[in-house]
Each structure stands twice: as structure tokens, then as C-alpha cells.
2 protein chains.
Amino acid sequence: MQSLKSHLCGEWVSGTGNALPLLNPSTEETIAEIASGGHDWKGALNYSREIGGRELRQLSFAQRGELLQNMAKVIHEGREELIALAIANGGNTRGDAKFDIDGASFTLAAYADIGASLGDTHIMVDGDSQQIGRTARFSAQHIRVPRAGVAVHINAFNFPAWGLAEKAAAALLAGMPVISKPATATALVSHRMIEMFLEKDILPKGALSFIAGSSGDLLSHLSGQDVLAFTGSSDTAQLLRAGDGVISRSVHINVEADSLNAAVLGPDVELGSETFGLFVRDVVRDMTQKTGQKCTAIRRVFVPDDRLSDVVEAVKEQLEGLVVGNPAVGRNVRMGPVATGNQYNDVRAGIEKLSAQTEEAYGGKGEIEALGADGKGFFIGPVLRVTKDPGNCEALHSDEVFGPVSTIGSFSGSADDAAKLVQMGQGGLVTSLYSDDRKYFADLVPQIAAYHGRLYLGSEKIAGQSPGPGTVMPTLLHGGPGRAGGGEELGGVRGMALYQQRTAIQGDKAILAAITGVK
Amino acid sequence: MQSLKSHLCGEWVSGTGNALPLLNPSTEETIAEIASGGHDWKGALNYSREIGGRELRQLSFAQRGELLQNMAKVIHEGREELIALAIANGGNTRGDAKFDIDGASFTLAAYADIGASLGDTHIMVDGDSQQIGRTARFSAQHIRVPRAGVAVHINAFNFPAWGLAEKAAAALLAGMPVISKPATATALVSHRMIEMFLEKDILPKGALSFIAGSSGDLLSHLSGQDVLAFTGSSDTAQLLRAGDGVISRSVHINVEADSLNAAVLGPDVELGSETFGLFVRDVVRDMTQKTGQKCTAIRRVFVPDDRLSDVVEAVKEQLEGLVVGNPAVGRNVRMGPVATGNQYNDVRAGIEKLSAQTEEAYGGKGEIEALGADGKGFFIGPVLRVTKDPGNCEALHSDEVFGPVSTIGSFSGSADDAAKLVQMGQGGLVTSLYSDDRKYFADLVPQIAAYHGRLYLGSEKIAGQSPGPGTVMPTLLHGGPGRAGGGEELGGVRGMALYQQRTAIQGDKAILAAITGVK
């Protein structure tokens, strides 16, 4: 059996101690293993900081952009192999696997373009030059430079390709070396990506290291020039944030955690309209794509009281033909298992909790006979719940059930009431609003924008070209306040800020120009 | 005796329990007291969030700018009264007091100008509109909106006017209500400022509340829409950061803490040159202004080996005539006491520690006969230490001695060696470099920028118009990584980001325009 190694200090190294199994979640077969004891974490951090940092800082933005372009190309070339691994280790359908892997190469390519546009320079200027003295001679300029440490990336199990690529793209382009740690259970795809990068020899020495399995006490060795970026549960995020080293040395930390993303149907939207169709497609896609295991998936659906039965019927209609099963056994399988046994138990527990406070609309509590499963695998069928009193349904607003589960709540339809319900999620990654009434948007958006990193406004005119709210775009912010962790990833150059120190330099205008290259 | 009240929920309220005395640090006389028990913190937070937040969000940026302009005007009109309080409660010289109070009104006025330039709008756009679909119809725009909570400001004892104004300016302009808490020991100036604002009735209801004394368990009630901004010691910052509520609810936090600011004399700078004169003036000003109690003051001075004796002589010459004493007894007093008995003990302990690793150059260990003191008061004379081996002087790089104390270390003079010494401070607010050699700046700045929020480049051409590195400017970033806390204050609109949620909105271009007002 394959035993995954880490890549630290420029070489592949085996871990010691107990090996953890990596399963195929459709069959529960063990397909690889990871042992992760015995690593010299302090040495690994120093190697990345010193060797990787030096190598990357020597490159201009344009050169780092080329590096990202090469990474995108290598992923694209290895696409079929990675898709097979995602099906085997992640329970992905072929479509799910492409979503993850193409998302990775698309994001790297988008940051490559940003690198090209920043050009052959090493220092990014931030805003205009300012006169700060009596004469223009005494001026100031804000600049951005790469932090002098290492960026540690801890990714979630659901996007082993995209998660790694998205964080690495922003950090590497900013000029910081990366140590990337995927979730152990689904690490095969990430591990193979790193192997591919090394086989093609496209990475500068020390620029991108890899942890298979646990990161041990690595985080306690972080310094004030280091960055920690985490995607995963709020509980784990809290442990990381409370770490001694993180707190005492002001480690820069970015968290993307739980999110009870909402979708609101405006009262103007008629059954059968383009906008109604878009809304239903988005809800169903987010329930079923990646078996509902997307941090951006719609969990809470709010519809006007007089639309409730229409919406429930329309969603049920699309769920009814859906084949759930082992994606390896048939191309008609449209939804695979959840990724792990732990996730299976968590989702089942979440459905139980929701069920106590909502009514059934479709799928019971997720019991299902999956295609080609023979009683094995972590399969849960799509579950639709309903409530006519969403404002008094505590579980709906506090527990992210990370699977193919959604709840529809009916309400008055007014913008003010919609805002109150959306806000009850206490901060999220994205909320989607569906309407063709500009006033409805203009009333609602200012009331809920502060609670989100992104708002998706669905309407007739964009219905034909929208990827839905669940698709994270490299040039748009990804992250949200409160429960969602308070972080900011992506958003083009915005996502690079985490990896950069912003510094004001003040002095003789001619000296500033000699440093920045800006006249 | 005056007993200071808090201003919470729109009214002045007395605290209960033991009263703490506020002293005159020159005479040790008690001049006021504060009792701070018994307040309803949860109620106070909610009042600010609901009433203050609503009032401020109704105002446009331009209107909030007018509010700041009025605050600046009120402070300026009350200047003489505030100066007298700063002398009595802070041990400030008249010059020190003006520096603090004029800094407050100048910063408010600068943010008022930013408000005017942002105009009669409520939503700030962030970057350009982007096409994200097949056609330009499907677009995205990043916006910034005020967070929906309250900004809690905890300020340091050294700048009761400027500290309050600087944080309040950015928060109020962004549209967030403020609860401001000055350090108890020197709270008289802040308290009087709030009284003046209320007497002139220039503040919207709930926009600016005030805590006299301890904030009790207020911080445990913060939510994910709230902000905590703190200026003070690293130790206190760590306690705040580790607070349960802060960690579990992703409270947005900004810290400005310890900083061992460095000054580097370039090897090209000749004795007697304009640049040499600027350098010596800056070092002496930072040792003596506010009795060295500035977070931006130069603590570590690095000079080429062959300049050491010249620099020591030049600094000593300026320190020799300096009169230390009670600023109330004579206009020729150029340096007052440190602000509190605790500070006195801390500074004396810091000098002891430094003395074990450095040689004396001037002022012994700070023992001094202060003018008009009669054996009372927290007086410490200026202390200059010297070392020929600054790279092996641990205390120099790790203990911020917050008083009239500076250490000169000699080194090779090379940019690389200067960078290593500067970096040993592990992150600071500002470092100043003095040279007329552009290459020296171009070599050094990229090596140390990541460790600072601001770099001050002193040279001949700006010598006649420079306020020195210790002056914080509203349009330039204030904050630094690592030991300095990792925060960002001021910097014009940059300082407003802490109080704003950045949100990507995506949809029909015409709908986005209806929300943002940008075509």
C-alpha cells in the first residue's frame, strides 16, 4: 500500500509512528496510509523561510506569475489522473472532481495574470504618493513587501486541489514560501499535485513544502513574520487562534470557517420565470454538488409564505430522479458519499437536530440505498426540511450540516424580515438574493452586506450565464465575518495582503522613487 | 474632589466600589478619582450598537466628516483648558501637552477632509467593477460597509487626547459607534474632551460613549460585528487576544503594542552635515519629548564604528542643558516626570537591565534632582547607554524601556549588518534611516520594510521640514508586525478598513449600479 510522505527541507521524508488509513468513502477500502511522527518542524519552517523566502523574493511579480502559470499547466496536464484519485479518495463524481481540479488550475492561472499585470517589479505600491511636508520634496508612499517568514496553509477535506492552489497562488505571488497541509483523510489528490510539480521541476527550492498527516507542534514555532491560513471548522479555528505562539507573537492568521449561507427569494419572483428557475437550480446544485460539502453551499432558504409550496415542489422534482452511489460504478451517479465516516456521523447528527425543529419535505433523514454500495460507504441521500417559523428555529441558524441538506423557511417576504433572518446566521461567506426588483436589492443589500464576504444577486438578466453562489471566483473576495472566521482570501490582489506587510515610507521624493521605481 | 463618571447609554453614570486616585505625577497629589463598578456593560454595548450605529449609518461620509470637523474645533477651542489638565494629570510640559492635543485636532481634521472627499454617499466602493460572466451584464463590485456592531477603543496613558481622537476618527467616519476607554491614571484629559463634545451637543446619540476606569467584563460580550482596538503593552494585548469571546466570535481586533524603534546612521553621513544634525535632533527629541513616553520613540541607535564617539558627544551636548522638573513651576522645564509610579518603577527596572549589558554614556541610571520636586514626583533624568556589540545585547532588542532612555550601538555600517540589527527588534512601528546615499536606502529598505509599519528616511533635502520619526501622521500607516502587535491604524482610508466589512457583490451590472450609485 502507498504510504504518503511529506516534502520538507527540499526532500520527501517518511513519518514515523502509527499510520492512519486513507479510505475510499464509497467502499470503505483502505487505499493509502500516512504516518506523520518524527519530523523536525523547526527545521522545516527555517528551511522554508530562509531558502524558499530568498528564492521567491529574488523573482519579480511577473516571474512568480509564470511559476503559477506552470503550476496551472501541470495540474491541467495531470487532470485525468487527479480526477481518478478524487473519485477514489474523495467519493467525488467526475463532475465534482473536475469542479475541484479545474478550480485549482483556473485560480492559479488567474493569479498568474495578476502577476503579469504587476510586471517586472519586486515592490508593490499601495496608493498614490503624498506630499507630507511644506514642499513636495518631503513625500510619503505606502508600499507592500512580502513578509519575511513562511505561510502555513491548513486546508479542508472537501477541496484537496482547489484549497491548496487557492491559498498557494496568493502567497507565492506575494513572495512568501508555503508549507501546505491538506486534510489527512483526502490527501491523495494534494499529494499527487505536489509530486507532479516536483517531477516537472517547476518550483524554486523551498517555495512549496507539503505535510502528509499531522503538523505536530509546528504551529508553536511560528513567528511574527509568519502567516497561518486555515480552512475548516470553527472549533479547530478557535484552537489555532488560541495557540500560545499565535497570540504572543502576533502571527498573521486568516480563518475561513463555518457558514450558514442563505438564499432569499424576492416576493416579485413568479413561478416559471427565469429568475425562479435560476433560484431552484442554485438550491439544488448546492445540495448535491460535492454531496453538499461546499463551504459556500446554500443551507438556509427563505421564501415568501405564498411561494412555499411552489418552491418545495420545484426542488423535490429535481431531487427525485437523482442517482446516489459509488461514482466509480456508473456514469449516471450524480451524487457520491460524504468524504469520511466522521462526516457521515456529523451530518446524520445534524439532520437529527434539524428534524426536531422542522418538518420533512423530501428524503427523510437521508437513509438511502446507494448504487453499487453493498451496504458499505458513507452515503446520505438529499434531505429537504421545511419550517413556517424560521425565526424560531435555532438549529437552522447555528449548525452547519455539511452534507446534502437544506431547509426552506417561509416568511413575510419583506426586505426587513429577510435581513433579520439572514443576520441570524451570525456572519457567512455568501448569501444569494433572487429578484428582478432593484428596490428590493437596494433595501436588502445594505442591511446584510456587513455580515458577508460576498453577495450574489440572482436576476433574469444573468440567469443564463451564472455559475451560482457556490462557486468561488479568484477575483472576488472569499471569507466572511463572525462565524465564518473573519478572513479574506482571494479577491485578486486583496488576497495577497495577508502575505504582505504594508509599510509607509517617508522622505525625499527622489529617494522614494529610487526605492519603488515609481516616479 | 472630582469623581469621574462614565458616559454610557446616552448619560453620565457614576461607578460604584473602590475609587482609584488620579495623581499629579510631579507632586503625587491626588487630583481626581474613579470608581467603575456596577455598570451594565451588555446594555451599554447594545445601546451603542443599536442607537449609535443607526444614527451614524444614516449619515453620509461627508456628514460624518463634518462631525469630525466639529470635534476638532471643540478641542481647539478648549485647548488651554486641556493643556492645563495634561500638565496636572500627565506631567506634560506645555510642549508635550500641545503635541498630544493638537495631534488630536489635526487628526480629526484630516479625517474630516477624507469624509468630504468621499462625498455624499453611504457605501464605499473598493476597486473597479469587473466583468465576471460571458457578457459585461454579469459583473461584480467590491464594496465597504460599516460593521454592524460597536468599536471598543482601549487607549494608552501617554496620549489621552490623540489616542482617543485617532481611533475615533477612523471608526466614526467609517460609520461605527465608539466606546472609548482611556488609561485610568491619565483619564482627565479624555474625560474633559468628552464633556466638551457633549456640552456643544455635536455628537449623534450613542455615537461616542466613554468608560472612566475599568471596563469590567465588557469584552466578553463582544460579537463578530464588533471591533476591539487596543494600544498598550504586549502583555495586556495577549490577554485581550486570548479572551473567549474574541476568539470564539472572530471579533476584529487591532493591536498596537511594544516597539523597539531603531535609528540607523548611514556610513556616508559626515559630522557637521545637515543630515547628521537631523539625526541628532531626532534622537534627542525622542528621548525627551513626553519624557520618552512615545510608542514611536527611538530606543535603539545604530551608528558606524568610526562615528560612535562623535554621535555620543553630540547627543550628550544637547542633553546637558536640559532642565527636568515639574512643568507647572517653570517655563524653562523641558522634561517632566513619567506619568505614574508604575511607569517609574518599570523604567528604573529597564535601565537596570540595560545597564548590565551596556556602558554608561550620560545620565547614570536616571537619578536626578528635579526642579520644584521637593523629593516628590516620578522623575527620571535622560539616560544614554552605549555598546560596541549591539548584536549580543539581548536587553537592547527585547525590552522597551518606556522613558527617556536610549542606547547607541556601533557596528560595521554596512546595509546588511544594519538590517540584521534592526530585525532583532522583531517587528516595530517605525525605524529611521539617515543617509544621502540612495543606494544605501535601496539596499536597506527592502530588507527591513517587512518588519515595520513605517520607515522614515532622513536626508539633507528634508532636514529643514521634518517632524522626526516619532510623529504619527493621519495619512500614514501606524502599527507594526510581530512585537508591535500586527495592527494597522490611520493611513487615511486604510485605517477605516478595520471598521468596515469588505463585500463582493455580483450580479446584473445595472442592479449593482443601483446599489452603489457608481455607473
# chains A, B, ... in the order shown; residues from 1 in each chain; ligands from 1
>>> residues_around(residues="stretch 260-272 of chain A", least_positions_apart="5", cutoff="6 Å", atoms="only C-alpha atoms", output="PyMOL selection string")
chain A and resi 298-304+400+413+425+428+430-435
>>> write_last_selection(atoms="all heavy atoms", output="compact mmCIF listing (two decimals), in the first residue's frame")
# COMPACT_ATOMS: atom_id res chain seq x y z
N ILE A 298 -25.62 26.69 -0.14
CA ILE A 298 -26.83 27.25 0.49
C ILE A 298 -27.36 26.26 1.54
O ILE A 298 -27.61 25.10 1.22
CB ILE A 298 -27.92 27.48 -0.59
CG1 ILE A 298 -27.46 28.50 -1.62
CG2 ILE A 298 -29.24 27.89 0.06
CD1 ILE A 298 -28.34 28.55 -2.88
N ARG A 299 -27.52 26.72 2.76
CA ARG A 299 -28.06 25.87 3.83
C ARG A 299 -29.46 26.32 4.25
O ARG A 299 -30.26 25.53 4.71
CB ARG A 299 -27.16 25.90 5.06
CG ARG A 299 -25.68 25.66 4.80
CD ARG A 299 -25.40 24.20 4.49
NE ARG A 299 -23.98 24.00 4.14
CZ ARG A 299 -23.51 22.91 3.54
NH1 ARG A 299 -24.33 21.92 3.21
NH2 ARG A 299 -22.23 22.79 3.25
N ARG A 300 -29.69 27.63 4.15
CA ARG A 300 -30.96 28.21 4.63
C ARG A 300 -31.63 28.90 3.45
O ARG A 300 -31.05 29.78 2.83
CB ARG A 300 -30.67 29.25 5.73
CG ARG A 300 -29.88 28.69 6.92
CD ARG A 300 -29.62 29.77 7.98
NE ARG A 300 -28.79 30.85 7.49
CZ ARG A 300 -28.84 32.10 7.90
NH1 ARG A 300 -29.73 32.46 8.81
NH2 ARG A 300 -28.02 33.01 7.40
N VAL A 301 -32.84 28.50 3.15
CA VAL A 301 -33.57 29.05 2.01
C VAL A 301 -34.80 29.78 2.54
O VAL A 301 -35.62 29.17 3.24
CB VAL A 301 -34.00 27.93 1.05
CG1 VAL A 301 -34.70 28.51 -0.18
CG2 VAL A 301 -32.80 27.09 0.64
N PHE A 302 -34.91 31.06 2.26
CA PHE A 302 -36.05 31.83 2.76
C PHE A 302 -36.94 32.27 1.60
O PHE A 302 -36.46 32.93 0.67
CB PHE A 302 -35.57 33.05 3.56
CG PHE A 302 -34.69 32.66 4.73
CD1 PHE A 302 -33.38 33.09 4.81
CD2 PHE A 302 -35.19 31.83 5.74
CE1 PHE A 302 -32.57 32.71 5.87
CE2 PHE A 302 -34.38 31.44 6.81
CZ PHE A 302 -33.07 31.89 6.87
N VAL A 303 -38.21 31.91 1.65
CA VAL A 303 -39.13 32.22 0.56
C VAL A 303 -40.41 32.85 1.13
O VAL A 303 -40.81 32.54 2.26
CB VAL A 303 -39.50 30.95 -0.26
CG1 VAL A 303 -38.24 30.26 -0.77
CG2 VAL A 303 -40.33 29.98 0.56
N PRO A 304 -41.05 33.72 0.37
CA PRO A 304 -42.29 34.33 0.85
C PRO A 304 -43.33 33.23 1.14
O PRO A 304 -43.37 32.20 0.46
CB PRO A 304 -42.74 35.21 -0.33
CG PRO A 304 -41.47 35.50 -1.08
CD PRO A 304 -40.64 34.27 -0.95
N GLU A 400 -24.07 24.15 11.05
CA GLU A 400 -23.81 23.91 9.64
C GLU A 400 -23.79 22.40 9.41
O GLU A 400 -22.86 21.72 9.85
CB GLU A 400 -22.46 24.53 9.25
CG GLU A 400 -22.17 24.43 7.76
CD GLU A 400 -20.75 24.88 7.40
OE1 GLU A 400 -19.87 24.86 8.27
OE2 GLU A 400 -20.54 25.24 6.23
N GLY A 413 -41.66 37.92 3.37
CA GLY A 413 -41.16 38.36 2.06
C GLY A 413 -40.58 39.75 2.09
O GLY A 413 -39.89 40.15 1.13
N GLY A 425 -27.65 34.05 10.97
CA GLY A 425 -26.52 33.15 10.73
C GLY A 425 -25.23 33.64 11.35
O GLY A 425 -24.24 32.92 11.38
N GLY A 428 -21.45 35.06 7.41
CA GLY A 428 -21.27 33.95 6.48
C GLY A 428 -20.43 34.32 5.27
O GLY A 428 -20.06 35.48 5.07
N VAL A 430 -21.33 33.73 1.93
CA VAL A 430 -22.09 34.25 0.80
C VAL A 430 -23.58 34.08 1.08
O VAL A 430 -24.00 33.10 1.68
CB VAL A 430 -21.71 33.53 -0.51
CG1 VAL A 430 -21.92 32.03 -0.42
CG2 VAL A 430 -22.44 34.11 -1.72
N THR A 431 -24.35 35.07 0.69
CA THR A 431 -25.80 34.90 0.66
C THR A 431 -26.25 35.28 -0.73
O THR A 431 -25.67 36.17 -1.38
CB THR A 431 -26.49 35.73 1.77
OG1 THR A 431 -26.57 34.93 2.94
CG2 THR A 431 -27.90 36.17 1.39
N SER A 432 -27.29 34.58 -1.21
CA SER A 432 -27.79 34.87 -2.55
C SER A 432 -29.21 35.40 -2.46
O SER A 432 -30.02 34.92 -1.67
CB SER A 432 -27.72 33.61 -3.43
OG SER A 432 -28.18 32.48 -2.74
N LEU A 433 -29.48 36.43 -3.25
CA LEU A 433 -30.80 37.07 -3.29
C LEU A 433 -31.32 36.96 -4.71
O LEU A 433 -30.57 37.20 -5.67
CB LEU A 433 -30.68 38.55 -2.92
CG LEU A 433 -29.85 38.89 -1.67
CD1 LEU A 433 -29.76 40.41 -1.49
CD2 LEU A 433 -30.45 38.25 -0.44
N TYR A 434 -32.59 36.61 -4.87
CA TYR A 434 -33.17 36.41 -6.19
C TYR A 434 -34.35 37.35 -6.36
O TYR A 434 -35.33 37.27 -5.61
CB TYR A 434 -33.61 34.96 -6.37
CG TYR A 434 -32.45 34.00 -6.23
CD1 TYR A 434 -32.01 33.60 -4.98
CD2 TYR A 434 -31.77 33.54 -7.36
CE1 TYR A 434 -30.92 32.76 -4.85
CE2 TYR A 434 -30.68 32.69 -7.24
CZ TYR A 434 -30.25 32.30 -5.98
OH TYR A 434 -29.17 31.47 -5.85
N SER A 435 -34.24 38.26 -7.33
CA SER A 435 -35.31 39.23 -7.55
C SER A 435 -35.04 39.94 -8.88
O SER A 435 -33.94 39.88 -9.42
CB SER A 435 -35.32 40.25 -6.41
OG SER A 435 -36.25 41.29 -6.67
>>> select_by_dssp(residues="stretch 184-250 of chain A", states="strand (DSSP E)", output="NGL selection string")
:A and (208-210 or 227-231)
>>> closest_residue(among="A:Ala504, A:Met496, A:Ala170, A:Ala229", to="B:Tyr456", atoms="only C-alpha atoms")
A:Ala504
>>> select_by_dssp(residues="stretch 286-375 of chain B", states="alpha helix (DSSP H)", output="JSON, numbers by chain")
{"B": [286, 287, 288, 308, 309, 310, 311, 312, 313, 314, 315, 316, 317, 318, 319, 320, 341, 342, 343, 344, 345, 346, 347, 348, 349, 350, 351, 352, 353, 354, 355]}
>>> residues_around(residues="A:Gly517", least_positions_apart="3", cutoff="9 Å", atoms="only C-alpha atoms", output="PyMOL selection string")
chain A and resi 121+123+512-514
>>> atom_distance(atom1="atom CA of A:Gln501", atom2="atom CA of A:Pro146")
6.2 Å
>>> residues_around(residues="stretch 192-203 of chain B", least_positions_apart="3", cutoff="7 Å", atoms="only C-alpha atoms", output="PyMOL selection string")
chain B and resi 67+70-71+74-75+188-189+207
>>> residues_around(residues="B:Val152", least_positions_apart="2", cutoff="8 Å", atoms="only C-alpha atoms", output="list of chain:residue names")
B:Val150, B:Ile154, B:Val178, B:Ile179, B:Ser180, B:Lys181, B:Asp226, B:Val227, B:Leu228, B:Ala229
>>> residues_around(residues="B:Ile511", least_positions_apart="5", cutoff="12 Å", atoms="only C-alpha atoms", output="PyMOL selection string")
(chain A and resi 433-443+445+456-462) or (chain B and resi 137-141+505-506+516-519)
>>> residues_around(residues="A:Lys73", least_positions_apart="5", cutoff="10 Å", atoms="only C-alpha atoms", output="list in words")
Leu67, Leu68, Gly78, Arg79, Ser105, Phe106, Leu108, Ala109 and Phe197 of chain A
>>> atom_distance(atom1="atom CA of B:Pro182", atom2="atom CA of B:Ala32")
14.6 Å
>>> closest_residue(among="A:Gln238, A:Asn345, A:Ser3, A:Ser259", to="chain B", atoms="only C-alpha atoms")
A:Gln238
>>> closest_residue(among="A:Ala151, A:Leu164, A:Val251, A:Leu498", to="chain B", atoms="only C-alpha atoms")
A:Val251
>>> closest_residue(among="A:Thr135, A:Ser26, A:Thr387, A:Asn46", to="chain B", atoms="only C-alpha atoms")
A:Thr135
>>> atom_distance(atom1="atom CA of A:Asp508", atom2="atom CA of B:Asp416")
22.2 Å
>>> closest_residue(among="B:Thr358, B:Gln58, B:Ser412, B:Gln293", to="chain A", atoms="only C-alpha atoms")
B:Gln58
>>> closest_residue(among="B:Ala169, B:Ala110, B:Leu208, B:Leu308", to="B:Phe411", atoms="only C-alpha atoms")
B:Leu308
